Amino acid sequence: MDTFYDLKKQAREQWILQNGPIAQSLSRVKHKIAIFSGKGGVGKTTSTVNLAVSLAKRGCKVAILDADVHGPAVPKILGASGKLDVASHRMPGGHHSHSECEGHGQHKAGCTHEHHQGNGHGHSHGQSHGHGNGHGHEGGHFGGDTHNLRFEPIKTPYGVDMVSVDSIWPGRESPVMWRGPYKMRVIRQFLSIINWGELDYLLVDLPPGTGDEVLTIMSSIPGLDGMVVVSTPQDVSTIVCSKAINTAREMNVPILGVVENMSVLCCPHCNNAIKLFGHRSAERLAKMMEVDFLGSIPFMTEVNESSDEGIPVVIKHPESLVALEVGRIADCLVSKVETAGKGGEQGGD
Amino acid sequence: MEINRNPVSDELVREGLEVAVKARELLWKFSTLQIDKETLLASLQSIPAKETIFNNWDIFSNDEAIAPCLEIFQVIYSLGEDLDYQLSFYGLDSLREDIRQLDAAIKMLRRQVKQYQS
């Protein structure tokens, strides 16, 4: 039985979760979704990036937080190297910085803005962030009240904002050798110190497993809509993913569904489907764990090629089977979080 | 890796070393129950780590040689923000990890300064 002290502590933690700096920073983010998997190498990051770009193509304002501290890959796939810029002016009460107030227009289903597609939105994207010489603090020094000092997320050419450890770490050669508590604090800082602004979707790309990064995200984001589990059709993956699903349940975070990545390989010569790993075991996993199966993404060589070029496959090959399937999954996610609202299981809070 | 011969970087390294030693001592005192949490928090928050990071972001984000210095200010600033969260999830012992991290950064910066002076 909880003591009065425990209850008081829990109440205080709840209050901070709902009203602390992270809650304030994310106050204008409509939906927060984390993408994770028990296993590495299943294509979480590729799936996250392509889902984000697909959502942006549907008119949503989207950002990605790359929470994979040791192996950040989102910048590479989005072709967005460079460092964060200091927000151009302070934002008392979390109001606009210069980079917002853009991209308004025709509204699409489930999204608040017609978002900039393809060619960016006002900033010189990607290449302009290579040197981080901020545009708001030239010559001026910040002092006194530092509460509203923030960084702008990196704008990418595909209408998706992005933040990653790569965006703050100066070392190309120096490895990131951070342990649990420090990683936790860096991720929480990303959540609280970035000027996320008004977003329809914040996707969090998590590293494999159920370690510090995953637990930090699950326990730090107020109103987390839920988790998307990415698996490959292999028993070795689905077994670990079932543990990951149980971790989310333990933390009271809803599971939005399972995505099966690399379900089949489309032969570039005869177009036949080759079952690389086996038969739809991710779908079986979804059934077994009583969560939704969101869809299967086939494996195509174009995915790797376009990722290496820094162009998401849904942009480079919009008519490909992969792009169509990712688009379908994005639609499915939109309808799921929009219709569910916050009525179902509650995450984070 | 050589330290940048930019005077601002030099000044940051000097400042970083100074606050790292101070923060290390504070964490040690708190870990060994010589000071209370409120004193530790107030002392960490009195170090202008966030301002230093923001004011010198151009240098921090581009000069690989002073990455340990960024780490020092980052440790101090983030502990000032999330000490309660850390203690509730990781416990008091986790601060020893922060002390080790500060030690490593101090060591790297001192080595660079030595190289630079020689």
# chains A, B, ... in the order shown; residues from 1 in each chain; ligands from 1
$ residues_around --residues "Val204 in chain A" --least-positions-apart "6" --cutoff "9 Å" --atoms "only C-alpha atoms" --output "number ranges by chain"
A: 32-36, 48, 63-67, 217
$ residues_around --residues "Asn62 in chain B" --least-positions-apart "2" --cutoff "6 Å" --atoms "only C-alpha atoms" --output "list in words"
Pro170 of chain A; Ile59 and Phe60 of chain B
$ write_last_selection --atoms "N, CA and C atoms" --output "CSV table (one decimal), in the first residue's frame"
chain,number,residue,atom,x,y,z
A,170,PRO,N,29.6,18.0,-32.0
A,170,PRO,CA,30.5,18.5,-33.0
A,170,PRO,C,31.5,17.5,-33.6
B,59,ILE,N,30.6,28.0,-31.9
B,59,ILE,CA,31.9,27.3,-31.6
B,59,ILE,C,31.6,25.9,-31.2
B,60,PHE,N,30.7,25.8,-30.2
B,60,PHE,CA,30.5,24.4,-29.6
B,60,PHE,C,30.0,23.4,-30.7
$ closest_atom_pairs --of "chain B" --to "chain A" --cutoff "10 Å" --atoms "only C-alpha atoms" --output "tab-separated table"
residue	atom	partner	partner_atom	distance
B:Met1	CA	A:Ser174	CA	9.6
B:Pro48	CA	A:Gly143	CA	8.2
B:Lys50	CA	A:Thr146	CA	7.3
B:Glu51	CA	A:Phe142	CA	5.8
B:Thr52	CA	A:Phe142	CA	8.3
B:Ile53	CA	A:Phe142	CA	9.8
B:Phe54	CA	A:Val86	CA	7.0
B:Asn55	CA	A:His141	CA	5.5
B:Asn56	CA	A:His141	CA	8.8
B:Trp57	CA	A:Gly132	CA	7.7
B:Asp58	CA	A:Asn133	CA	5.1
B:Ile59	CA	A:Asn133	CA	8.6
B:Phe60	CA	A:Pro170	CA	6.8
B:Ser61	CA	A:Pro170	CA	4.8
B:Asn62	CA	A:Pro170	CA	5.1
B:Asp63	CA	A:Pro170	CA	6.1
B:Glu64	CA	A:Gly171	CA	4.7
B:Ala65	CA	A:Gly171	CA	7.9
B:Ile66	CA	A:Pro170	CA	8.4
B:Ala67	CA	A:Pro170	CA	6.3
B:Pro68	CA	A:Ser174	CA	9.7
B:Leu70	CA	A:Trp169	CA	8.7
B:Glu71	CA	A:Trp169	CA	9.3
B:Gln74	CA	A:Val186	CA	8.3
B:Val75	CA	A:Tyr182	CA	7.4
B:Tyr77	CA	A:Gln189	CA	9.6
B:Ser78	CA	A:Arg185	CA	6.0
B:Leu79	CA	A:Arg185	CA	7.6
B:Glu81	CA	A:Arg185	CA	8.5
B:Asp82	CA	A:Arg185	CA	6.7
B:Leu83	CA	A:Arg185	CA	9.1
B:Asp84	CA	A:Glu13	CA	9.4
B:Tyr85	CA	A:Glu13	CA	8.5
B:Gln86	CA	A:Pro181	CA	6.5
B:Leu87	CA	A:Pro181	CA	9.3
B:Ser88	CA	A:Glu13	CA	9.6
B:Phe89	CA	A:Pro181	CA	8.7
B:Tyr90	CA	A:Pro181	CA	7.0
B:Gly91	CA	A:Pro181	CA	9.8
B:Ser94	CA	A:Pro181	CA	6.8
B:Leu95	CA	A:Pro181	CA	8.4
B:Glu97	CA	A:Arg179	CA	7.7
B:Asp98	CA	A:Tyr182	CA	7.5
B:Gln101	CA	A:Trp178	CA	8.3
$ atom_distance --atom1 "CA of Asp6 in chain A" --atom2 "CA of Leu191 in chain A"
26.6 Å
$ select_by_dssp --residues "range 25-79 of chain B" --states "alpha helix (DSSP H)" --output "VMD selection string"
chain B and resid 25 to 31 37 to 46 49 to 55 57 to 60 67 to 79
$ residues_around --residues "range 104-110 of chain B" --least-positions-apart "5" --cutoff "7 Å" --atoms "only C-alpha atoms" --output "list in words"
Val13, Leu17, Ala20, Pro68, Cys69 and Ile72 of chain B
